Every structure is written in structure tokens, then in C-alpha cells.
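Heads up, upload.csv below (CSV, C-alpha atoms and all ligand atoms):
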```csv
chain,number,residue,atom,x,y,z
A,1,MET,CA,0.0,0.0,0.0
A,2,SER,CA,2.8,2.3,0.9
A,3,ARG,CA,6.4,1.5,1.3
A,4,GLY,CA,6.6,3.6,4.5
A,5,PRO,CA,9.2,5.9,5.9
A,6,SER,CA,12.3,4.2,4.9
A,7,ASP,CA,12.8,2.0,1.9
A,8,GLU,CA,15.9,0.5,3.4
A,9,GLN,CA,14.0,-0.7,6.4
A,10,GLN,CA,11.2,-2.1,4.2
A,11,PHE,CA,13.7,-3.9,2.0
A,12,GLU,CA,15.2,-5.4,5.2
A,13,ALA,CA,11.7,-6.5,6.2
A,14,PHE,CA,11.2,-8.2,2.8
A,15,GLU,CA,14.5,-10.0,3.3
A,16,ILE,CA,13.6,-11.3,6.7
A,17,GLY,CA,10.1,-12.2,5.4
A,18,HIS,CA,11.8,-14.3,2.7
A,19,MET,CA,13.7,-16.2,5.4
A,20,VAL,CA,10.5,-16.8,7.3
A,21,PHE,CA,9.1,-18.6,4.3
A,22,LEU,CA,12.2,-20.6,3.6
A,23,VAL,CA,12.4,-21.9,7.2
A,24,LEU,CA,8.7,-22.5,7.4
A,25,ASP,CA,8.9,-24.9,4.5
A,26,TYR,CA,12.3,-26.2,5.3
A,27,ASN,CA,11.0,-29.8,5.3
A,28,GLN,CA,9.5,-29.5,1.8
A,29,PRO,CA,11.5,-30.7,-1.2
A,30,ASN,CA,11.4,-27.1,-2.5
A,31,PRO,CA,10.8,-24.4,0.2
A,32,LEU,CA,10.5,-21.7,-2.5
A,33,PHE,CA,7.2,-22.8,-4.0
A,34,ARG,CA,4.9,-25.8,-4.4
A,35,ALA,CA,3.7,-25.7,-8.0
A,36,PRO,CA,5.0,-28.8,-9.9
A,37,ILE,CA,6.7,-26.9,-12.8
A,38,GLY,CA,9.1,-29.7,-13.8
A,39,ASP,CA,12.9,-29.6,-13.9
A,40,SER,CA,13.5,-27.4,-16.9
A,41,PRO,CA,11.2,-24.3,-16.9
A,42,LYS,CA,12.1,-21.6,-19.5
A,43,ASN,CA,10.4,-18.5,-18.3
A,44,ILE,CA,9.4,-17.5,-14.7
A,45,LEU,CA,7.8,-14.3,-13.5
A,46,ASP,CA,7.8,-12.9,-9.9
A,47,ILE,CA,5.2,-10.2,-9.6
A,48,GLY,CA,6.0,-7.5,-6.9
A,49,THR,CA,9.5,-8.9,-6.4
A,50,GLY,CA,10.4,-6.4,-3.7
A,51,GLN,CA,14.0,-7.1,-2.6
A,52,GLY,CA,14.2,-9.8,-5.4
A,53,SER,CA,15.4,-12.6,-3.0
A,54,TRP,CA,12.8,-15.1,-4.2
A,55,ALA,CA,13.6,-14.4,-7.9
A,56,ILE,CA,17.4,-14.7,-7.3
A,57,ASP,CA,17.0,-18.0,-5.4
A,58,VAL,CA,14.8,-19.5,-8.1
A,59,ALA,CA,17.2,-18.3,-10.8
A,60,ASP,CA,20.0,-20.1,-9.0
A,61,LEU,CA,17.9,-23.3,-8.7
A,62,TYR,CA,16.8,-23.3,-12.4
A,63,PRO,CA,19.7,-22.2,-14.6
A,64,SER,CA,17.6,-23.3,-17.6
A,65,ALA,CA,15.1,-20.5,-16.9
A,66,ILE,CA,15.0,-16.8,-17.3
A,67,VAL,CA,13.5,-15.5,-14.1
A,68,ARG,CA,12.0,-12.0,-14.3
A,69,GLY,CA,11.2,-10.0,-11.1
A,70,VAL,CA,9.0,-7.0,-11.7
A,71,ASP,CA,8.2,-4.2,-9.3
A,72,ILE,CA,7.2,-0.5,-9.3
A,73,PHE,CA,10.5,0.0,-7.4
A,74,PRO,CA,13.9,-1.3,-8.4
A,75,PRO,CA,15.3,-3.9,-6.0
A,76,PRO,CA,18.4,-2.7,-4.3
A,77,VAL,CA,20.6,-5.6,-5.5
A,78,THR,CA,24.1,-5.3,-6.8
A,79,TRP,CA,24.5,-8.9,-7.9
A,80,MET,CA,22.2,-11.4,-9.4
A,81,PRO,CA,22.6,-14.6,-11.4
A,82,PRO,CA,22.9,-14.0,-15.2
A,83,ASN,CA,19.5,-15.7,-15.7
A,84,CYS,CA,17.7,-13.3,-13.3
A,85,VAL,CA,16.3,-10.0,-14.8
A,86,PHE,CA,14.7,-7.2,-12.8
A,87,GLU,CA,12.3,-4.8,-14.4
A,88,VAL,CA,10.6,-1.7,-13.1
A,89,ASP,CA,6.9,-1.6,-14.2
A,90,ASP,CA,3.4,-1.5,-12.9
A,91,VAL,CA,1.8,-4.9,-13.4
A,92,LEU,CA,-1.7,-3.4,-13.8
A,93,ARG,CA,-0.6,-1.8,-17.0
A,94,GLU,CA,-0.6,-3.8,-20.3
A,95,TRP,CA,2.1,-6.5,-20.2
A,96,THR,CA,4.7,-6.2,-22.9
A,97,TRP,CA,6.6,-9.5,-22.4
A,98,THR,CA,6.6,-11.4,-25.7
A,99,GLU,CA,7.4,-14.8,-24.2
A,100,SER,CA,4.9,-17.0,-22.5
A,101,PHE,CA,5.6,-18.0,-18.9
A,102,ASP,CA,5.8,-21.5,-17.4
A,103,PHE,CA,5.3,-20.1,-13.9
A,104,ILE,CA,4.0,-16.9,-12.3
A,105,HIS,CA,4.6,-16.3,-8.6
A,106,MET,CA,3.4,-13.7,-6.1
A,107,ARG,CA,4.0,-13.3,-2.4
A,108,LEU,CA,2.8,-10.8,0.1
A,109,MET,CA,0.9,-8.6,-2.4
A,110,TYR,CA,-2.0,-8.0,0.0
A,111,GLY,CA,-3.1,-4.4,-0.1
A,112,ALA,CA,-1.4,-3.8,-3.5
A,113,PHE,CA,-4.6,-3.5,-5.6
A,114,PRO,CA,-8.4,-2.9,-5.3
A,115,LEU,CA,-10.5,-6.1,-6.0
A,116,GLU,CA,-11.0,-5.3,-9.7
A,117,GLY,CA,-7.3,-4.9,-10.0
A,118,TRP,CA,-6.8,-8.5,-8.7
A,119,ASP,CA,-9.3,-9.9,-11.3
A,120,GLN,CA,-7.5,-8.0,-14.0
A,121,LEU,CA,-4.1,-9.3,-12.8
A,122,TYR,CA,-5.1,-13.0,-12.7
A,123,LYS,CA,-6.6,-12.6,-16.2
A,124,GLN,CA,-3.3,-11.1,-17.4
A,125,ALA,CA,-1.4,-13.9,-15.7
A,126,TYR,CA,-3.7,-16.5,-17.3
A,127,ASP,CA,-3.2,-15.0,-20.8
A,128,ALA,CA,0.6,-14.8,-20.3
A,129,LEU,CA,1.0,-18.4,-19.2
A,130,GLU,CA,1.7,-21.3,-21.5
A,131,PRO,CA,-1.1,-23.8,-21.5
A,132,GLY,CA,-0.4,-26.1,-18.6
A,133,GLY,CA,1.7,-23.4,-16.8
A,134,TRP,CA,1.3,-22.6,-13.1
A,135,ILE,CA,0.4,-19.7,-10.9
A,136,GLU,CA,1.2,-19.6,-7.2
A,137,GLN,CA,0.5,-17.0,-4.5
A,138,MET,CA,1.3,-16.8,-0.8
A,139,GLU,CA,-0.4,-14.3,1.5
A,140,PHE,CA,-0.7,-13.5,5.2
A,141,ASP,CA,-3.8,-12.8,7.2
A,142,VAL,CA,-3.0,-9.5,8.9
A,143,ARG,CA,-5.1,-10.5,11.8
A,144,VAL,CA,-3.3,-12.1,14.8
A,145,SER,CA,-4.7,-15.2,16.6
A,146,SER,CA,-3.8,-17.5,19.5
A,147,ASP,CA,-5.2,-21.0,20.0
A,148,ASP,CA,-4.7,-21.0,23.8
A,149,ASP,CA,-6.4,-17.7,24.7
A,150,THR,CA,-3.1,-16.1,25.6
A,151,LEU,CA,-4.0,-13.3,23.2
A,152,LYS,CA,-6.7,-11.4,25.0
A,153,LYS,CA,-9.2,-8.6,24.1
A,154,GLU,CA,-7.2,-6.1,26.1
A,155,HIS,CA,-4.1,-6.6,23.9
A,156,LEU,CA,-3.6,-4.2,21.0
A,157,LEU,CA,-2.6,-7.2,18.8
A,158,TRP,CA,-6.2,-8.6,19.3
A,159,GLY,CA,-7.8,-5.9,17.3
A,160,TRP,CA,-4.8,-5.0,15.2
A,161,GLY,CA,-5.7,-6.9,12.0
A,162,ALA,CA,-9.4,-6.0,12.0
A,163,MET,CA,-8.5,-2.3,12.3
A,164,PHE,CA,-6.0,-2.5,9.5
A,165,ILE,CA,-8.6,-4.2,7.3
A,166,ARG,CA,-11.2,-1.5,8.0
A,167,CYS,CA,-8.6,1.3,7.4
A,168,ALA,CA,-7.4,-0.3,4.1
A,169,GLU,CA,-11.0,-0.7,2.9
A,170,ARG,CA,-11.4,3.1,3.4
A,171,ALA,CA,-8.3,3.5,1.3
A,172,GLY,CA,-9.9,1.3,-1.5
A,173,ARG,CA,-7.7,-1.7,-0.9
A,174,SER,CA,-8.5,-5.1,0.5
A,175,LEU,CA,-6.2,-6.8,3.1
A,176,ARG,CA,-8.2,-10.0,2.8
A,177,THR,CA,-6.2,-11.3,-0.2
A,178,HIS,CA,-5.4,-14.6,1.5
A,179,GLU,CA,-9.2,-15.2,1.7
A,180,THR,CA,-10.2,-14.0,-1.8
A,181,MET,CA,-7.3,-15.2,-3.9
A,182,ARG,CA,-8.4,-18.8,-4.3
A,183,SER,CA,-11.8,-18.0,-5.8
A,184,ALA,CA,-10.4,-15.1,-7.9
A,185,ILE,CA,-7.7,-17.5,-9.3
A,186,GLU,CA,-10.5,-20.0,-10.1
A,187,ARG,CA,-12.6,-17.3,-11.7
A,188,ALA,CA,-9.8,-16.5,-14.0
A,189,GLY,CA,-10.0,-20.0,-15.5
A,190,PHE,CA,-7.2,-21.8,-13.6
A,191,VAL,CA,-7.8,-25.5,-12.7
A,192,ASP,CA,-6.3,-28.1,-10.3
A,193,LEU,CA,-6.4,-25.6,-7.4
A,194,GLN,CA,-4.5,-26.5,-4.3
A,195,GLU,CA,-4.1,-24.7,-1.1
A,196,GLU,CA,-2.0,-25.0,2.0
A,197,LYS,CA,-2.8,-23.2,5.3
A,198,TYR,CA,-0.1,-22.1,7.8
A,199,LYS,CA,0.1,-20.7,11.3
A,200,ILE,CA,3.2,-18.5,11.4
A,201,PRO,CA,4.2,-18.0,15.1
A,202,LEU,CA,4.8,-14.4,16.1
A,203,GLY,CA,7.8,-14.8,18.5
A,204,PRO,CA,9.8,-17.8,19.6
A,205,TRP,CA,7.2,-19.3,21.9
A,206,PRO,CA,6.6,-22.7,20.1
A,207,LYS,CA,8.3,-25.8,21.6
A,208,ASP,CA,8.9,-27.3,18.2
A,209,LYS,CA,12.5,-26.3,17.1
A,210,LEU,CA,11.7,-25.3,13.6
A,211,LEU,CA,8.6,-23.3,14.5
A,212,LYS,CA,10.6,-21.6,17.3
A,213,GLU,CA,13.1,-20.5,14.6
A,214,VAL,CA,10.2,-19.3,12.3
A,215,GLY,CA,8.8,-17.4,15.3
A,216,HIS,CA,12.2,-15.7,15.9
A,217,LEU,CA,12.3,-14.6,12.3
A,218,GLN,CA,8.6,-13.5,12.2
A,219,TYR,CA,9.2,-11.3,15.3
A,220,ALA,CA,12.2,-9.7,13.5
A,221,HIS,CA,10.0,-9.4,10.3
A,222,TRP,CA,7.3,-7.6,12.2
A,223,ASN,CA,9.8,-5.3,14.0
A,224,ALA,CA,11.3,-4.2,10.7
A,225,ALA,CA,8.0,-3.9,8.8
A,226,LEU,CA,5.7,-2.4,11.5
A,227,GLU,CA,6.3,1.3,10.8
A,228,GLY,CA,5.9,0.8,7.0
A,229,TRP,CA,2.7,-1.1,7.5
A,230,ALA,CA,1.1,1.4,9.9
A,231,MET,CA,2.4,4.9,9.4
A,232,TRP,CA,0.9,5.8,6.0
A,233,LEU,CA,-2.3,3.9,6.5
A,234,LEU,CA,-3.1,5.2,10.0
A,235,THR,CA,-2.0,8.8,9.3
A,236,HIS,CA,-4.3,8.8,6.2
A,237,PHE,CA,-7.1,6.4,7.0
A,238,GLY,CA,-6.9,5.8,10.8
A,239,GLU,CA,-10.0,5.6,12.8
A,240,PRO,CA,-12.1,7.3,13.9
A,241,GLU,CA,-10.0,9.9,12.1
A,242,PRO,CA,-6.5,10.0,10.7
A,243,TRP,CA,-3.9,9.7,13.5
A,244,SER,CA,-0.9,12.0,14.1
A,245,ASN,CA,2.6,10.7,13.5
A,246,GLU,CA,3.2,10.7,17.3
A,247,GLU,CA,0.0,8.7,18.0
A,248,VAL,CA,1.2,6.0,15.5
A,249,GLN,CA,4.6,5.9,17.2
A,250,LEU,CA,3.1,5.5,20.6
A,251,PHE,CA,0.8,2.8,19.4
A,252,LEU,CA,3.7,1.0,17.7
A,253,ALA,CA,5.8,1.2,20.9
A,254,LYS,CA,3.0,-0.6,22.8
A,255,VAL,CA,2.6,-3.2,20.0
A,256,ARG,CA,6.4,-3.8,20.2
A,257,MET,CA,6.0,-4.5,23.9
A,258,GLU,CA,3.3,-7.1,23.3
A,259,LEU,CA,5.4,-8.7,20.5
A,260,LYS,CA,8.2,-9.3,23.1
A,261,ASP,CA,5.8,-10.8,25.7
A,262,PRO,CA,6.6,-14.5,25.9
A,263,TYR,CA,3.2,-15.3,27.5
A,264,ILE,CA,1.4,-14.2,24.3
A,265,HIS,CA,1.3,-17.2,22.0
A,266,ALA,CA,0.2,-15.4,18.9
A,267,TYR,CA,0.5,-16.4,15.2
A,268,ASN,CA,-0.5,-15.0,11.8
A,269,PRO,CA,-2.5,-17.4,9.6
A,270,ALA,CA,-1.2,-17.6,6.0
A,271,ASN,CA,-2.3,-19.3,2.9
A,272,ARG,CA,-0.6,-20.6,-0.2
A,273,VAL,CA,-2.6,-21.4,-3.4
A,274,TRP,CA,-1.3,-22.9,-6.6
A,275,ALA,CA,-3.2,-23.7,-9.7
A,276,ARG,CA,-2.7,-24.6,-13.4
A,277,LYS,CA,-3.8,-23.1,-16.7
A,278,PRO,CA,-5.6,-25.8,-18.6
A,279,THR,CA,-3.4,-27.8,-21.1
A,280,LYS,CA,-3.9,-27.3,-24.9
A,281,GLU,CA,-6.1,-30.5,-25.0
A,282,GLU,CA,-8.2,-29.3,-22.1
A,283,LEU,CA,-8.7,-25.9,-23.7
A,284,LYS,CA,-9.7,-27.6,-27.0
A,285,ALA,CA,-12.2,-29.9,-25.2
A,286,LYS,CA,-13.6,-26.9,-23.3
A,287,GLU,CA,-14.0,-25.0,-26.6
A,288,ALA,CA,-15.7,-28.0,-28.3
A,289,ASN,CA,-18.1,-28.4,-25.3
A,290,PHE,CA,-18.9,-24.7,-25.4
A,291,LYS,CA,-19.8,-25.0,-29.2
A,292,VAL,CA,-22.1,-28.0,-28.6
A,293,GLU,CA,-23.8,-26.2,-25.7
A,294,THR,CA,-24.4,-23.0,-27.6
A,295,SER,CA,-25.3,-24.5,-31.0
A,296,PRO,CA,-29.1,-24.2,-31.8
B,301,LIG,C1,5.1,-6.6,0.6
B,301,LIG,S1,6.1,-6.5,-0.8
B,301,LIG,C2,6.4,-8.2,-1.2
B,301,LIG,C3,7.8,-8.3,-1.9
B,301,LIG,C4,8.1,-9.8,-2.2
B,301,LIG,N1,7.1,-10.4,-3.1
B,301,LIG,C5,8.4,-10.6,-1.0
B,301,LIG,O1,7.7,-11.6,-0.8
B,301,LIG,O2,9.3,-10.3,-0.3
B,301,LIG,C6,4.9,-6.0,-2.1
B,301,LIG,C7,5.6,-5.5,-3.4
B,301,LIG,O3,4.7,-5.3,-4.4
B,301,LIG,C8,5.1,-4.2,-5.2
B,301,LIG,N2,4.0,-3.7,-5.9
B,301,LIG,C9,2.8,-3.1,-5.5
B,301,LIG,N3,2.0,-2.7,-6.5
B,301,LIG,C10,2.7,-3.1,-7.6
B,301,LIG,C11,2.4,-2.9,-9.0
B,301,LIG,N4,1.2,-2.3,-9.4
B,301,LIG,N5,3.2,-3.4,-9.9
B,301,LIG,C12,4.4,-4.0,-9.5
B,301,LIG,N6,4.7,-4.2,-8.2
B,301,LIG,C13,3.9,-3.7,-7.3
B,301,LIG,C14,5.6,-3.2,-4.1
B,301,LIG,O4,6.4,-2.2,-4.6
B,301,LIG,C15,6.3,-4.2,-3.1
B,301,LIG,O5,7.7,-4.3,-3.5
```

Could you quickly redo this structure as C-alpha cells?
Amino acid sequence: MSRGPSDEQQFEAFEIGHMVFLVLDYNQPNPLFRAPIGDSPKNILDIGTGQGSWAIDVADLYPSAIVRGVDIFPPPVTWMPPNCVFEVDDVLREWTWTESFDFIHMRLMYGAFPLEGWDQLYKQAYDALEPGGWIEQMEFDVRVSSDDDTLKKEHLLWGWGAMFIRCAERAGRSLRTHETMRSAIERAGFVDLQEEKYKIPLGPWPKDKLLKEVGHLQYAHWNAALEGWAMWLLTHFGEPEPWSNEEVQLFLAKVRMELKDPYIHAYNPANRVWARKPTKEELKAKEANFKVETSP
């Protein structure tokens, strides 16, 4: 929605966020994504690439592929593998890539577009994919939960996400992308939809070693990202009226205290969805069916 007061700090947050996801799926054969794209993809696109870490790692993993990372801001990277290309563009504008993609990826794009923008984007992605190509998206729920009632109504974190969702709605953006993406991807024509749900611990409270590490990283991620998430939104669309800079700072200082509280066992829900564009044969069969159904 807004990059916040300091790009450097936001890029640091993106980098830590990337590590959160890598550790979260450490036990998966490929922690970078789940779509079964085969061993020799040719063209991969990362939409809203941010710091570019995902695109760089995927380019390293698939030397056969050209991996493009696109963002409205240039990623602050000085080195990238030769098969990784960064481009500055607004993905809601007409796409000018001439090649078709085998795989299109998005992560943490919540709040980037209004709902019609999302429909347009999935349609553009569908059109730009090879038949049989894959799309994948991973998003957080900005709301914070706990399963053992250690997060209570009196905590600021309790109402944090719901307030952000309301403020973002006033700004014409939805922060419910993790809820809406599955049906929007299906509406765009994708098939074979699959979904994985996660609980990302906020702080190192879990007993499980891997989740404890994820919680450490997610705490650092929040710490680095907090001001960028909150400052622009609350000073423009805060409730009941826009907040002052000082009010936001004070609020964030209290939130930071809660984040450090080892007795609050909070987590962010997150979802990953991946789906396939129909193959040439499936598209032909669909077209033939459509002709039969609509013929007099
Ligand atoms: C929260 S960041 C996520 C970065 C990265 N995907 C990751 O997982 O670390 C969202 C990114 O989307 C980019 N973005 C927002 N609107 C965009 C648009 N219309 N076209 C291209 N990129 C956009 C922002 O500049 C930002 O870098």
C-alpha cells in the first residue's frame, strides 16, 4: 500500500520475510514454491518482487530458466545470477513481455490492488502463461490469533488486523487477499487448485524447534515492517479519524512490547494457493463443449 518511511527498512523487512518462508517450508523438497513446474522451466515471472530474493534463489535453482522479477520500485541488489532479470513496471498496465511463462509467482501482495485490480491481474497472468503453466500465491492474514487464549481482548494485537482491514477498505484496498485469492484465481480459469494453510508463530514461543526459529524470524520481520505497514495507513485512514505521527509511534511502541511478551502465543494465519492453466487438450475440449452447448 505504501512503502513507509524508509525504503531501506522495508527492504530489510522483505529479506527477513523471505527467510521466514524458507524456514517455514524447510522440510519441503522445495521451500521456494509448491507448483510442480518440472525440472526445466524456461520463463518464470515474480510479480511484486520487492527485494528480489525469491527471484534470485529461483534463478539459482533453475539455470535453464530466465527469471524475471517485476516491481514498481527497483530492487536494491548489486549482484544477481545471469539468468535473473529485474524490471521496473506497474503490473496493472498492459504486459509487454513477448514470451509465455511456465510459472508466475506472487507473495505478500496484500493491499497492493483494489479487488477489480486483482481480477485484471489474474486474467493477465492466465493469458501470459503457457497452456499447462502454473500460478502460485502466498499471503498472510494481517489478523493475529492464538489457540490457547493467551492473546486477550485487552491486547492491541487482538484488534490490530481487523482495524487495518477497515482502514485499508477506506483506502480502497483489500487486506483480505489470503481469503479472496483462491476464488479469484479459479474465476480467471485456472484448474487443479491446491491450497496450504499455515500458522506463522509471532515470537519464539513454540516448543517445536523449527517453529521456534520461524517465530524468531517472524518477530524480526514484524519489527522491521511495523512502521511501514502502519504509518501511511493510520495517518491517512486511521479511525475514527487520521492519526498523528506521534499517535502512531506511541501505538507501535505498545505493540512492540506485546510482541516481546513470551506469554502471548500469537500467530499469523497464512495461505498458499497454486493452480494450473488448462493444457492445450483441455482448452480444446472446453471449446468443443462450449460450441455444442451454444449451438441451436
Ligand atoms: C510486501 S512487498 C512483497 C515483496 C516480495 N514479493 C516478497 O515476498 O518479499 C509487495 C511488493 O509489491 C510491489 N507492488 C505493489 N504494487 C505493484 C504494481 N502495481 N506493480 C508492480 N509491483 C507492485 C511493491 O512495490 C512491493 O515491493

Of the candidates A:Val67, A:Val273, A:Leu202, A:Ile264, which one gets nearest to Thr150 in chain A if we count only C-alpha atoms?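 Nearest candidate to Thr150 in chain A out of A:Val67, A:Val273, A:Leu202, A:Ile264: A:Ile264.
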
Which one is closest to ligand LIG 301 (chain B): A:Ala59, A:Leu156, A:Ile185, A:Ala225? Count all atoms listed in the file.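 The closest residue to ligand LIG 301 (chain B) is A:Ala225.
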
Which residues, written as a PyMOL selection string, have at least one atom at most 8 Å from range 86-95 of chain A, with all atoms listed in the file counted and residues fewer than 2 positions away on the same chain left out? chain A and resi 47+52+68-75+84+97+117+120-121+124

Non-local contacts of Asn83 in chain A (10 Å; all atoms listed in the file; under 6 positions in same chain excluded) as a ChimeraX atom specification: /A:43,55-56,58-60,62-68

Which of these residues is nearest to Gln218 in chain A, using all atoms listed in the file: A:Met109, A:Ile37, A:Ala13, A:Val77?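 Under the stated criterion, the closest residue is A:Ala13.
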